[in-house]
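Novice: Just so it is clear, I am handing over protein-v9.pdb, which has PDB, C-alpha atoms.
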```pdb
ATOM      1  CA  MET A   1      11.507   7.478  -0.877  1.00  0.00           C
ATOM      2  CA  SER A   2       7.929   6.154  -0.829  1.00  0.00           C
ATOM      3  CA  LYS A   3       6.098   3.116  -2.150  1.00  0.00           C
ATOM      4  CA  ALA A   4       2.452   2.589  -3.057  1.00  0.00           C
ATOM      5  CA  ILE A   5      -0.037  -0.275  -3.116  1.00  0.00           C
ATOM      6  CA  VAL A   6      -2.917   0.110  -5.573  1.00  0.00           C
ATOM      7  CA  LEU A   7      -5.922  -2.092  -4.815  1.00  0.00           C
ATOM      8  CA  ALA A   8      -7.159  -3.406  -8.159  1.00  0.00           C
ATOM      9  CA  ALA A   9      -8.573  -6.876  -7.461  1.00  0.00           C
ATOM     10  CA  GLY A  10     -12.317  -6.172  -7.498  1.00  0.00           C
ATOM     11  CA  LYS A  11     -14.922  -7.517  -9.874  1.00  0.00           C
ATOM     12  CA  GLY A  12     -17.207  -4.484  -9.785  1.00  0.00           C
ATOM     13  CA  THR A  13     -20.428  -6.503  -9.800  1.00  0.00           C
ATOM     14  CA  ARG A  14     -22.665  -3.434 -10.249  1.00  0.00           C
ATOM     15  CA  LEU A  15     -20.656  -2.460 -13.345  1.00  0.00           C
ATOM     16  CA  GLN A  16     -21.077  -5.863 -15.015  1.00  0.00           C
ATOM     17  CA  THR A  17     -23.569  -4.633 -17.592  1.00  0.00           C
ATOM     18  CA  GLU A  18     -24.196  -5.456 -21.257  1.00  0.00           C
ATOM     19  CA  GLY A  19     -22.123  -8.630 -20.992  1.00  0.00           C
ATOM     20  CA  ILE A  20     -18.972  -6.726 -19.890  1.00  0.00           C
ATOM     21  CA  THR A  21     -16.831  -8.933 -17.642  1.00  0.00           C
ATOM     22  CA  LEU A  22     -13.771  -6.691 -17.245  1.00  0.00           C
ATOM     23  CA  PRO A  23     -12.338  -6.121 -13.751  1.00  0.00           C
ATOM     24  CA  LYS A  24     -13.628  -2.866 -12.304  1.00  0.00           C
ATOM     25  CA  VAL A  25     -10.332  -0.955 -12.722  1.00  0.00           C
ATOM     26  CA  MET A  26     -10.282  -1.777 -16.457  1.00  0.00           C
ATOM     27  CA  ARG A  27     -13.686  -0.218 -17.158  1.00  0.00           C
ATOM     28  CA  GLU A  28     -13.074   2.796 -19.375  1.00  0.00           C
ATOM     29  CA  ALA A  29     -13.826   6.447 -18.730  1.00  0.00           C
ATOM     30  CA  ASN A  30     -13.125   8.812 -21.610  1.00  0.00           C
ATOM     31  CA  GLY A  31     -11.468   6.004 -23.574  1.00  0.00           C
ATOM     32  CA  LYS A  32      -8.951   4.963 -20.901  1.00  0.00           C
ATOM     33  CA  PRO A  33      -9.171   2.403 -18.052  1.00  0.00           C
ATOM     34  CA  LEU A  34      -9.891   3.848 -14.594  1.00  0.00           C
ATOM     35  CA  LEU A  35      -6.521   2.446 -13.496  1.00  0.00           C
ATOM     36  CA  HIS A  36      -4.746   4.493 -16.167  1.00  0.00           C
ATOM     37  CA  TYR A  37      -5.649   7.756 -14.399  1.00  0.00           C
ATOM     38  CA  VAL A  38      -4.606   6.466 -10.978  1.00  0.00           C
ATOM     39  CA  LEU A  39      -1.202   5.319 -12.231  1.00  0.00           C
ATOM     40  CA  GLN A  40      -0.749   8.581 -14.125  1.00  0.00           C
ATOM     41  CA  ASN A  41      -1.329  10.517 -10.888  1.00  0.00           C
ATOM     42  CA  LEU A  42       1.168   8.274  -9.058  1.00  0.00           C
ATOM     43  CA  SER A  43       3.858   8.826 -11.688  1.00  0.00           C
ATOM     44  CA  PHE A  44       5.965  10.822  -9.211  1.00  0.00           C
ATOM     45  CA  LEU A  45       6.884   7.359  -7.839  1.00  0.00           C
ATOM     46  CA  LYS A  46       9.029   4.824  -9.709  1.00  0.00           C
ATOM     47  CA  LYS A  47       7.087   2.040 -11.438  1.00  0.00           C
ATOM     48  CA  GLU A  48       8.945  -0.597  -9.439  1.00  0.00           C
ATOM     49  CA  ASP A  49       7.673   1.059  -6.234  1.00  0.00           C
ATOM     50  CA  ILE A  50       3.984   0.818  -7.229  1.00  0.00           C
ATOM     51  CA  ILE A  51       2.550  -2.611  -6.434  1.00  0.00           C
ATOM     52  CA  LEU A  52      -0.774  -3.600  -7.990  1.00  0.00           C
ATOM     53  CA  VAL A  53      -2.967  -6.014  -6.039  1.00  0.00           C
ATOM     54  CA  VAL A  54      -4.909  -7.943  -8.672  1.00  0.00           C
ATOM     55  CA  GLY A  55      -7.498 -10.705  -8.497  1.00  0.00           C
ATOM     56  CA  TYR A  56     -10.625 -10.956 -10.638  1.00  0.00           C
ATOM     57  CA  HIS A  57      -9.658 -11.461 -14.333  1.00  0.00           C
ATOM     58  CA  ARG A  58      -6.139 -10.343 -13.448  1.00  0.00           C
ATOM     59  CA  GLU A  59      -4.870 -11.263 -16.923  1.00  0.00           C
ATOM     60  CA  ASP A  60      -6.860  -8.281 -18.286  1.00  0.00           C
ATOM     61  CA  VAL A  61      -5.010  -5.934 -15.918  1.00  0.00           C
ATOM     62  CA  LEU A  62      -1.560  -7.461 -16.401  1.00  0.00           C
ATOM     63  CA  ARG A  63      -1.882  -7.511 -20.194  1.00  0.00           C
ATOM     64  CA  VAL A  64      -1.860  -3.699 -20.091  1.00  0.00           C
ATOM     65  CA  TYR A  65       0.043  -2.955 -16.862  1.00  0.00           C
ATOM     66  CA  GLY A  66       2.413  -5.924 -16.687  1.00  0.00           C
ATOM     67  CA  GLU A  67       5.451  -3.660 -16.179  1.00  0.00           C
ATOM     68  CA  TYR A  68       4.267  -2.940 -12.614  1.00  0.00           C
ATOM     69  CA  PRO A  69       5.023  -5.404  -9.794  1.00  0.00           C
ATOM     70  CA  HIS A  70       1.892  -7.227  -8.668  1.00  0.00           C
ATOM     71  CA  ALA A  71       0.499  -9.448  -5.931  1.00  0.00           C
ATOM     72  CA  VAL A  72      -2.517 -11.735  -6.325  1.00  0.00           C
ATOM     73  CA  GLN A  73      -5.476 -11.624  -3.929  1.00  0.00           C
ATOM     74  CA  GLU A  74      -7.308 -14.926  -4.314  1.00  0.00           C
ATOM     75  CA  PRO A  75      -9.841 -15.352  -2.743  1.00  0.00           C
ATOM     76  CA  GLN A  76     -10.770 -11.736  -1.904  1.00  0.00           C
ATOM     77  CA  LEU A  77     -11.191 -11.413   1.845  1.00  0.00           C
ATOM     78  CA  GLY A  78     -11.365  -7.643   2.315  1.00  0.00           C
ATOM     79  CA  THR A  79      -9.116  -4.597   2.017  1.00  0.00           C
ATOM     80  CA  GLY A  80      -6.863  -5.597   4.926  1.00  0.00           C
ATOM     81  CA  HIS A  81      -6.264  -8.962   3.284  1.00  0.00           C
ATOM     82  CA  ALA A  82      -5.597  -7.216  -0.060  1.00  0.00           C
ATOM     83  CA  VAL A  83      -2.764  -5.171   1.444  1.00  0.00           C
ATOM     84  CA  ALA A  84      -1.369  -8.186   3.323  1.00  0.00           C
ATOM     85  CA  VAL A  85      -0.851 -10.168   0.096  1.00  0.00           C
ATOM     86  CA  ALA A  86       1.688  -7.528  -1.036  1.00  0.00           C
ATOM     87  CA  LYS A  87       3.856  -8.080   2.051  1.00  0.00           C
ATOM     88  CA  ASP A  88       6.744  -9.754   0.199  1.00  0.00           C
ATOM     89  CA  TYR A  89       7.555  -6.486  -1.593  1.00  0.00           C
ATOM     90  CA  PHE A  90       8.183  -4.774   1.763  1.00  0.00           C
ATOM     91  CA  GLN A  91      10.521  -7.213   3.545  1.00  0.00           C
ATOM     92  CA  ASP A  92      13.551  -4.905   3.278  1.00  0.00           C
ATOM     93  CA  TYR A  93      11.694  -1.610   3.246  1.00  0.00           C
ATOM     94  CA  ASP A  94      11.167   0.742   6.174  1.00  0.00           C
ATOM     95  CA  GLY A  95       9.398   3.854   4.949  1.00  0.00           C
ATOM     96  CA  PRO A  96       6.020   5.305   4.025  1.00  0.00           C
ATOM     97  CA  VAL A  97       3.552   3.270   1.967  1.00  0.00           C
ATOM     98  CA  LEU A  98       0.597   4.923   0.268  1.00  0.00           C
ATOM     99  CA  ILE A  99      -2.492   2.735  -0.116  1.00  0.00           C
ATOM    100  CA  CYS A 100      -5.023   3.787  -2.726  1.00  0.00           C
ATOM    101  CA  TYR A 101      -7.670   2.441  -5.083  1.00  0.00           C
ATOM    102  CA  GLY A 102      -7.588   1.707  -8.796  1.00  0.00           C
ATOM    103  CA  ASP A 103     -11.214   2.863  -9.136  1.00  0.00           C
ATOM    104  CA  MET A 104     -10.683   6.466  -7.915  1.00  0.00           C
ATOM    105  CA  PRO A 105      -9.455   8.169 -11.091  1.00  0.00           C
ATOM    106  CA  LEU A 106     -10.120  11.772 -10.035  1.00  0.00           C
ATOM    107  CA  LEU A 107      -7.724  11.942  -7.069  1.00  0.00           C
ATOM    108  CA  ARG A 108      -4.991  14.331  -8.155  1.00  0.00           C
ATOM    109  CA  ARG A 109      -1.244  13.868  -8.050  1.00  0.00           C
ATOM    110  CA  SER A 110      -0.995  16.910  -5.727  1.00  0.00           C
ATOM    111  CA  THR A 111      -3.442  15.242  -3.310  1.00  0.00           C
ATOM    112  CA  TYR A 112      -1.270  12.127  -3.018  1.00  0.00           C
ATOM    113  CA  GLU A 113       1.866  14.270  -2.634  1.00  0.00           C
ATOM    114  CA  ASN A 114       0.250  16.469   0.049  1.00  0.00           C
ATOM    115  CA  LEU A 115      -0.847  13.368   1.990  1.00  0.00           C
ATOM    116  CA  LEU A 116       2.683  11.909   1.919  1.00  0.00           C
ATOM    117  CA  SER A 117       4.162  15.261   3.009  1.00  0.00           C
ATOM    118  CA  ALA A 118       1.705  15.617   5.908  1.00  0.00           C
ATOM    119  CA  HIS A 119       2.491  12.065   7.032  1.00  0.00           C
ATOM    120  CA  GLN A 120       6.211  12.783   7.233  1.00  0.00           C
ATOM    121  CA  GLU A 121       5.904  16.278   8.689  1.00  0.00           C
ATOM    122  CA  GLN A 122       3.593  15.083  11.485  1.00  0.00           C
ATOM    123  CA  GLY A 123       5.669  11.989  12.262  1.00  0.00           C
ATOM    124  CA  ASN A 124       2.607   9.728  12.062  1.00  0.00           C
ATOM    125  CA  ALA A 125       2.433   5.934  11.979  1.00  0.00           C
ATOM    126  CA  CYS A 126      -0.707   6.393   9.871  1.00  0.00           C
ATOM    127  CA  THR A 127      -2.257   9.356   8.073  1.00  0.00           C
ATOM    128  CA  LEU A 128      -5.775   9.195   6.627  1.00  0.00           C
ATOM    129  CA  LEU A 129      -6.731  11.180   3.561  1.00  0.00           C
ATOM    130  CA  THR A 130      -9.917  13.116   4.247  1.00  0.00           C
ATOM    131  CA  GLY A 131     -11.982  15.420   2.083  1.00  0.00           C
ATOM    132  CA  THR A 132     -15.152  17.460   1.870  1.00  0.00           C
ATOM    133  CA  CYS A 133     -17.962  16.973  -0.599  1.00  0.00           C
ATOM    134  CA  GLY A 134     -21.410  18.430  -1.254  1.00  0.00           C
ATOM    135  CA  TRP A 135     -22.802  15.055  -2.318  1.00  0.00           C
ATOM    136  CA  ASP A 136     -24.194  12.652   0.235  1.00  0.00           C
ATOM    137  CA  LEU A 137     -21.532   9.931   0.005  1.00  0.00           C
ATOM    138  CA  PRO A 138     -21.766   6.854   2.295  1.00  0.00           C
ATOM    139  CA  TYR A 139     -18.280   7.462   3.755  1.00  0.00           C
ATOM    140  CA  GLY A 140     -17.116   7.449   7.366  1.00  0.00           C
ATOM    141  CA  ARG A 141     -17.180  10.833   9.155  1.00  0.00           C
ATOM    142  CA  ILE A 142     -14.033  12.306  10.700  1.00  0.00           C
ATOM    143  CA  LEU A 143     -14.259  13.140  14.401  1.00  0.00           C
ATOM    144  CA  ARG A 144     -12.011  15.909  15.722  1.00  0.00           C
ATOM    145  CA  GLY A 145     -11.537  17.433  19.167  1.00  0.00           C
ATOM    146  CA  GLU A 146     -12.142  21.101  19.992  1.00  0.00           C
ATOM    147  CA  ASP A 147      -8.473  21.755  19.200  1.00  0.00           C
ATOM    148  CA  GLY A 148      -8.915  20.205  15.731  1.00  0.00           C
ATOM    149  CA  ALA A 149      -6.922  17.080  16.612  1.00  0.00           C
ATOM    150  CA  PHE A 150      -8.045  13.866  14.900  1.00  0.00           C
ATOM    151  CA  LEU A 151     -10.027  11.600  17.236  1.00  0.00           C
ATOM    152  CA  GLY A 152     -11.345   8.843  14.982  1.00  0.00           C
ATOM    153  CA  VAL A 153     -13.758   7.761  12.267  1.00  0.00           C
ATOM    154  CA  VAL A 154     -17.407   6.787  12.646  1.00  0.00           C
ATOM    155  CA  GLU A 155     -18.789   4.679   9.788  1.00  0.00           C
ATOM    156  CA  ASP A 156     -21.714   6.133   7.847  1.00  0.00           C
ATOM    157  CA  ARG A 157     -24.146   3.412   9.000  1.00  0.00           C
ATOM    158  CA  ASP A 158     -23.230   4.051  12.677  1.00  0.00           C
ATOM    159  CA  CYS A 159     -23.598   7.864  12.609  1.00  0.00           C
ATOM    160  CA  THR A 160     -25.915   9.775  14.908  1.00  0.00           C
ATOM    161  CA  PRO A 161     -27.887  12.553  13.132  1.00  0.00           C
ATOM    162  CA  GLU A 162     -25.300  15.077  14.427  1.00  0.00           C
ATOM    163  CA  GLN A 163     -22.403  13.007  13.076  1.00  0.00           C
ATOM    164  CA  LYS A 164     -24.217  12.571   9.747  1.00  0.00           C
ATOM    165  CA  ALA A 165     -23.966  16.346   9.334  1.00  0.00           C
ATOM    166  CA  ILE A 166     -20.127  16.295   9.507  1.00  0.00           C
ATOM    167  CA  ARG A 167     -18.756  17.268   6.096  1.00  0.00           C
ATOM    168  CA  GLU A 168     -15.203  15.913   6.511  1.00  0.00           C
ATOM    169  CA  LEU A 169     -15.177  12.365   5.126  1.00  0.00           C
ATOM    170  CA  ASN A 170     -12.781   9.430   5.265  1.00  0.00           C
ATOM    171  CA  VAL A 171     -11.670   8.811   1.670  1.00  0.00           C
ATOM    172  CA  GLY A 172     -10.207   5.365   2.445  1.00  0.00           C
ATOM    173  CA  VAL A 173      -6.724   6.308   1.191  1.00  0.00           C
ATOM    174  CA  TYR A 174      -3.884   6.083   3.713  1.00  0.00           C
ATOM    175  CA  VAL A 175      -0.167   6.452   4.256  1.00  0.00           C
ATOM    176  CA  PHE A 176       1.343   4.051   6.795  1.00  0.00           C
ATOM    177  CA  ASP A 177       4.751   3.397   8.263  1.00  0.00           C
ATOM    178  CA  SER A 178       5.297   0.099   6.433  1.00  0.00           C
ATOM    179  CA  ARG A 179       6.724  -1.915   9.362  1.00  0.00           C
ATOM    180  CA  LYS A 180       3.906  -0.860  11.657  1.00  0.00           C
ATOM    181  CA  LEU A 181       1.307  -1.499   8.942  1.00  0.00           C
ATOM    182  CA  PHE A 182       2.270  -5.127   8.335  1.00  0.00           C
ATOM    183  CA  ALA A 183       2.603  -5.838  12.056  1.00  0.00           C
ATOM    184  CA  ALA A 184      -0.914  -4.442  12.628  1.00  0.00           C
ATOM    185  CA  LEU A 185      -2.390  -6.383   9.684  1.00  0.00           C
ATOM    186  CA  SER A 186      -1.460  -9.618  11.452  1.00  0.00           C
ATOM    187  CA  GLN A 187      -3.737  -8.522  14.346  1.00  0.00           C
ATOM    188  CA  LEU A 188      -6.851  -7.985  12.206  1.00  0.00           C
ATOM    189  CA  LYS A 189      -9.952 -10.016  13.025  1.00  0.00           C
ATOM    190  CA  ASN A 190     -12.744 -10.934  10.599  1.00  0.00           C
ATOM    191  CA  ASN A 191     -15.602 -11.025  13.119  1.00  0.00           C
ATOM    192  CA  ASN A 192     -18.011  -9.032  10.964  1.00  0.00           C
ATOM    193  CA  ALA A 193     -20.985  -9.896   8.762  1.00  0.00           C
ATOM    194  CA  GLN A 194     -18.812 -10.279   5.649  1.00  0.00           C
ATOM    195  CA  GLN A 195     -16.083 -12.250   7.482  1.00  0.00           C
ATOM    196  CA  GLU A 196     -13.518  -9.985   5.852  1.00  0.00           C
ATOM    197  CA  TYR A 197     -10.365  -8.244   7.095  1.00  0.00           C
ATOM    198  CA  TYR A 198     -10.757  -4.475   6.913  1.00  0.00           C
ATOM    199  CA  LEU A 199      -7.931  -1.996   6.421  1.00  0.00           C
ATOM    200  CA  THR A 200     -10.145   0.586   8.169  1.00  0.00           C
ATOM    201  CA  ASP A 201      -9.501  -1.268  11.470  1.00  0.00           C
ATOM    202  CA  VAL A 202      -5.722  -0.724  11.302  1.00  0.00           C
ATOM    203  CA  PRO A 203      -5.596   2.942  12.477  1.00  0.00           C
ATOM    204  CA  ALA A 204      -7.449   1.943  15.686  1.00  0.00           C
ATOM    205  CA  ILE A 205      -4.943  -0.879  16.317  1.00  0.00           C
ATOM    206  CA  LEU A 206      -2.068   1.592  15.916  1.00  0.00           C
ATOM    207  CA  ARG A 207      -3.702   4.165  18.223  1.00  0.00           C
ATOM    208  CA  ALA A 208      -4.369   1.503  20.858  1.00  0.00           C
ATOM    209  CA  GLN A 209      -0.663   0.698  20.985  1.00  0.00           C
ATOM    210  CA  GLY A 210       0.237   4.364  21.395  1.00  0.00           C
ATOM    211  CA  ASP A 211       1.207   5.208  17.805  1.00  0.00           C
ATOM    212  CA  ARG A 212       0.388   8.563  16.288  1.00  0.00           C
ATOM    213  CA  VAL A 213      -2.510   8.631  13.783  1.00  0.00           C
ATOM    214  CA  GLY A 214      -3.386  11.814  11.894  1.00  0.00           C
ATOM    215  CA  ALA A 215      -5.771  13.023   9.193  1.00  0.00           C
ATOM    216  CA  CYS A 216      -4.969  15.255   6.241  1.00  0.00           C
ATOM    217  CA  CYS A 217      -7.887  17.105   4.611  1.00  0.00           C
ATOM    218  CA  ALA A 218      -6.448  17.476   1.114  1.00  0.00           C
ATOM    219  CA  CYS A 219      -9.243  16.932  -1.424  1.00  0.00           C
ATOM    220  CA  LYS A 220     -12.780  17.984  -2.213  1.00  0.00           C
ATOM    221  CA  GLY A 221     -15.774  17.486  -4.455  1.00  0.00           C
ATOM    222  CA  ALA A 222     -15.599  14.997  -7.315  1.00  0.00           C
ATOM    223  CA  GLU A 223     -12.091  13.835  -6.332  1.00  0.00           C
ATOM    224  CA  LEU A 224     -13.702  11.655  -3.666  1.00  0.00           C
ATOM    225  CA  ILE A 225     -15.801   9.602  -6.087  1.00  0.00           C
ATOM    226  CA  GLY A 226     -14.959   5.927  -6.377  1.00  0.00           C
ATOM    227  CA  VAL A 227     -16.585   4.062  -9.255  1.00  0.00           C
ATOM    228  CA  ASN A 228     -18.988   1.337  -8.112  1.00  0.00           C
ATOM    229  CA  THR A 229     -21.973   1.903 -10.382  1.00  0.00           C
ATOM    230  CA  VAL A 230     -22.680   2.791 -14.002  1.00  0.00           C
ATOM    231  CA  GLU A 231     -23.975   6.172 -12.795  1.00  0.00           C
ATOM    232  CA  GLN A 232     -20.696   6.894 -10.984  1.00  0.00           C
ATOM    233  CA  LEU A 233     -18.769   5.874 -14.106  1.00  0.00           C
ATOM    234  CA  ARG A 234     -20.755   8.479 -16.055  1.00  0.00           C
ATOM    235  CA  MET A 235     -20.113  11.132 -13.382  1.00  0.00           C
ATOM    236  CA  VAL A 236     -16.371  10.436 -13.491  1.00  0.00           C
ATOM    237  CA  GLU A 237     -16.344  10.572 -17.272  1.00  0.00           C
ATOM    238  CA  GLU A 238     -18.064  13.977 -17.157  1.00  0.00           C
ATOM    239  CA  GLU A 239     -15.470  15.295 -14.679  1.00  0.00           C
ATOM    240  CA  LEU A 240     -12.577  13.982 -16.802  1.00  0.00           C
ATOM    241  CA  ARG A 241     -13.974  15.770 -19.856  1.00  0.00           C
ATOM    242  CA  LYS A 242     -13.944  19.044 -17.913  1.00  0.00           C
TER     243      LYS A 242
END
```
If you took the structure in this file and wrote it as structure tokens, what would it be?
Specialist:
Amino acid sequence: MSKAIVLAAGKGTRLQTEGITLPKVMREANGKPLLHYVLQNLSFLKKEDIILVVGYHREDVLRVYGEYPHAVQEPQLGTGHAVAVAKDYFQDYDGPVLICYGDMPLLRRSTYENLLSAHQEQGNACTLLTGTCGWDLPYGRILRGEDGAFLGVVEDRDCTPEQKAIRELNVGVYVFDSRKLFAALSQLKNNNAQQEYYLTDVPAILRAQGDRVGACCACKGAELIGVNTVEQLRMVEEELRK
């Protein structure tokens, strides 16, 4: 049994064009909200095991997807904070939790399933979804040892020229052992420019305490695109039409 948290609280400031004030996940691609495709690809899980984290104009999301359990992130203090607000749904649960984004409509069902399988097969406390892409996306690069073992992630802005050339990228989608996840979230610090709590800091916390963290390279190309701009919305729409 697995559960999922879908992060769907964002405003999508760069998508607020032509007077549109919808939350980002409710912007349409090919006539359906971005969130529609994500939930469709998670349909191997029961609805009651998929928790939506909502925030900006949440009534627009819940009007359509009110049958899913939800948690409210208000104010929005980063991805780590977004996951933490769903904690009440996990009090009596000790199993894998998939964390993904409501604005990544091209990630396939098989990708999510492969990530969950790898997590359980490897006995990890955390497994990162990684992928390869020909486009120059501003994602963290995956560092591996000579034996191929996962070593860590270096953020795009911190990359050396050599690291910039690494093609394996951190997609930002994870599976965690739920107990270890929520314990680690309580250790997050917000000493960064945005004063936010980042989910990306959790794998390092787990590794520092001796837990096993792995990476599963299970997707490629357009699957990695998250929608932040009108141009990316058009790209996604094109891919969906294919």
Novice: Step by step, work through what the PyMOL selection byres ((chain A and resi 61-78) around 6) selects in the shown file, and finish by giving those residues as a list in words.
Specialist: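 Applied to this file, the PyMOL selection byres ((chain A and resi 61-78) around 6) returns Lys47, Ile51, Leu52, Val53, Val54, Gly55, Arg58, Glu59, Asp60, Thr79, Gly80, His81, Ala82, Ala86, Glu196, Tyr197 and Tyr198 of chain A.
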Novice: List the residues selected by the PyMOL selection byres ((chain A and resi 19-30) around 9) in the file shown, writing them as a ChimeraX atom specification.
Specialist: /A:8-13,15-18,31-36,55-58,60-61,101-105,227-228,233-234,236-238,240-241
Novice: What does the distance from CA of Asp49 in chain A to CA of Cys126 in chain A come to in Å, to one decimal?
Specialist: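 Spanning CA of Asp49 in chain A to CA of Cys126 in chain A is a straight-line distance of 18.9 Å.
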Novice: Which residues are near Gly214 in chain A? Cut-off 8 Å, all atoms listed in the file, ignore same chain within fewer than 4 positions. Put them as a list in words.
Specialist: His119, Gln122, Asn124, Cys126, Thr127, Leu128, Ala149 and Phe150 of chain A
Novice: I'd like the residues picked by the PyMOL selection byres ((chain A and resi 123) around 12) written out as a list in words, using the chain letters and numbers from the file.
Specialist: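 In the shown coordinates, the PyMOL selection byres ((chain A and resi 123) around 12) covers Gly95, Pro96, Leu116, Ser117, Ala118, His119, Gln120, Glu121, Gln122, Asn124, Ala125, Cys126, Thr127, Val175, Phe176, Asp177, Asp211, Arg212, Val213, Gly214 and Ala215 of chain A.
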Novice: Would you mind telling me which residue in A:Thr200, A:Thr111, A:Asn191, A:Ser186 lies nearest to Cys216 in chain A when using all atoms listed in the file?
Specialist: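 Between A:Thr200, A:Thr111, A:Asn191, A:Ser186, the residue approaching Cys216 in chain A most closely is A:Thr111.
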Novice: Tell me which protein, DNA and RNA residues are within 10 Å of Asn114 in chain A, counting only C-alpha atoms, leaving out same-chain ones fewer than 4 positions away, and put them as an mmCIF file with C-alpha atoms, in the coordinates of the input.
Specialist:
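out-v8.cif, freshly written:
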```cif
data_model
loop_
_atom_site.group_PDB
_atom_site.id
_atom_site.type_symbol
_atom_site.label_atom_id
_atom_site.label_comp_id
_atom_site.auth_asym_id
_atom_site.auth_seq_id
_atom_site.Cartn_x
_atom_site.Cartn_y
_atom_site.Cartn_z
ATOM 1 C CA ARG A 108 -4.991 14.331 -8.155
ATOM 2 C CA ARG A 109 -1.244 13.868 -8.050
ATOM 3 C CA SER A 110 -0.995 16.910 -5.727
ATOM 4 C CA ALA A 118 1.705 15.617 5.908
ATOM 5 C CA HIS A 119 2.491 12.065 7.032
ATOM 6 C CA LEU A 129 -6.731 11.180 3.561
ATOM 7 C CA CYS A 216 -4.969 15.255 6.241
ATOM 8 C CA CYS A 217 -7.887 17.105 4.611
ATOM 9 C CA ALA A 218 -6.448 17.476 1.114
ATOM 10 C CA CYS A 219 -9.243 16.932 -1.424
#
```
Novice: Can you work out the spacing between CA of Ile166 in chain A and CA of Ile142 in chain A in Å, to one decimal?
Specialist: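 Distance reported for this atom pair: 7.4 Å.
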Novice: Find the axis-aligned box for range 94-101 of chain A, covering all its listed atoms and adding 6 Å on each side, and write its centre and edge lengths in Å to one decimal as lines of an AutoDock Vina configuration file.
Specialist:
```
center_x = 1.7
center_y = 3.0
center_z = 0.5
size_x = 30.8
size_y = 16.6
size_z = 23.3
```
Novice: If you count all atoms listed in the file, which residues fall within 12 Å of Ser178 in chain A, apart from same-chain ones fewer than 2 positions away, as a CSV table (one decimal) with C-alpha atoms, in the frame of the given file?
Specialist:
```csv
chain,number,residue,atom,x,y,z
A,2,SER,CA,7.9,6.2,-0.8
A,3,LYS,CA,6.1,3.1,-2.2
A,4,ALA,CA,2.5,2.6,-3.1
A,5,ILE,CA,0.0,-0.3,-3.1
A,83,VAL,CA,-2.8,-5.2,1.4
A,84,ALA,CA,-1.4,-8.2,3.3
A,86,ALA,CA,1.7,-7.5,-1.0
A,87,LYS,CA,3.9,-8.1,2.1
A,88,ASP,CA,6.7,-9.8,0.2
A,89,TYR,CA,7.6,-6.5,-1.6
A,90,PHE,CA,8.2,-4.8,1.8
A,91,GLN,CA,10.5,-7.2,3.5
A,92,ASP,CA,13.6,-4.9,3.3
A,93,TYR,CA,11.7,-1.6,3.2
A,94,ASP,CA,11.2,0.7,6.2
A,95,GLY,CA,9.4,3.9,4.9
A,96,PRO,CA,6.0,5.3,4.0
A,97,VAL,CA,3.6,3.3,2.0
A,98,LEU,CA,0.6,4.9,0.3
A,99,ILE,CA,-2.5,2.7,-0.1
A,124,ASN,CA,2.6,9.7,12.1
A,125,ALA,CA,2.4,5.9,12.0
A,126,CYS,CA,-0.7,6.4,9.9
A,174,TYR,CA,-3.9,6.1,3.7
A,175,VAL,CA,-0.2,6.5,4.3
A,176,PHE,CA,1.3,4.1,6.8
A,180,LYS,CA,3.9,-0.9,11.7
A,181,LEU,CA,1.3,-1.5,8.9
A,182,PHE,CA,2.3,-5.1,8.3
A,183,ALA,CA,2.6,-5.8,12.1
A,184,ALA,CA,-0.9,-4.4,12.6
A,185,LEU,CA,-2.4,-6.4,9.7
```
Novice: Could you work out how far CA of Tyr112 in chain A lies from CA of Val173 in chain A, giving the answer in Å with one decimal?
Specialist: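 About the pair CA of Val173 in chain A and CA of Tyr112 in chain A: they are 9.0 Å apart.
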Novice: Rank nothing, just name the residue among A:Lys242, A:Phe44, A:Arg167, A:Thr229 nearest to Arg14 in chain A, using all atoms listed in the file.
Specialist: A:Thr229
Novice: I'd like the contact shell of Arg141 in chain A - 7 Å cut-off, only C-alpha atoms, skipping same-chain residues fewer than 2 positions apart - returned as a list in words.
Specialist: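 Listed by chain and then number, they are Tyr139, Leu143, Val153, Val154, Glu155, Asp156, Gln163, Ile166, Glu168, Leu169 and Asn170 of chain A.
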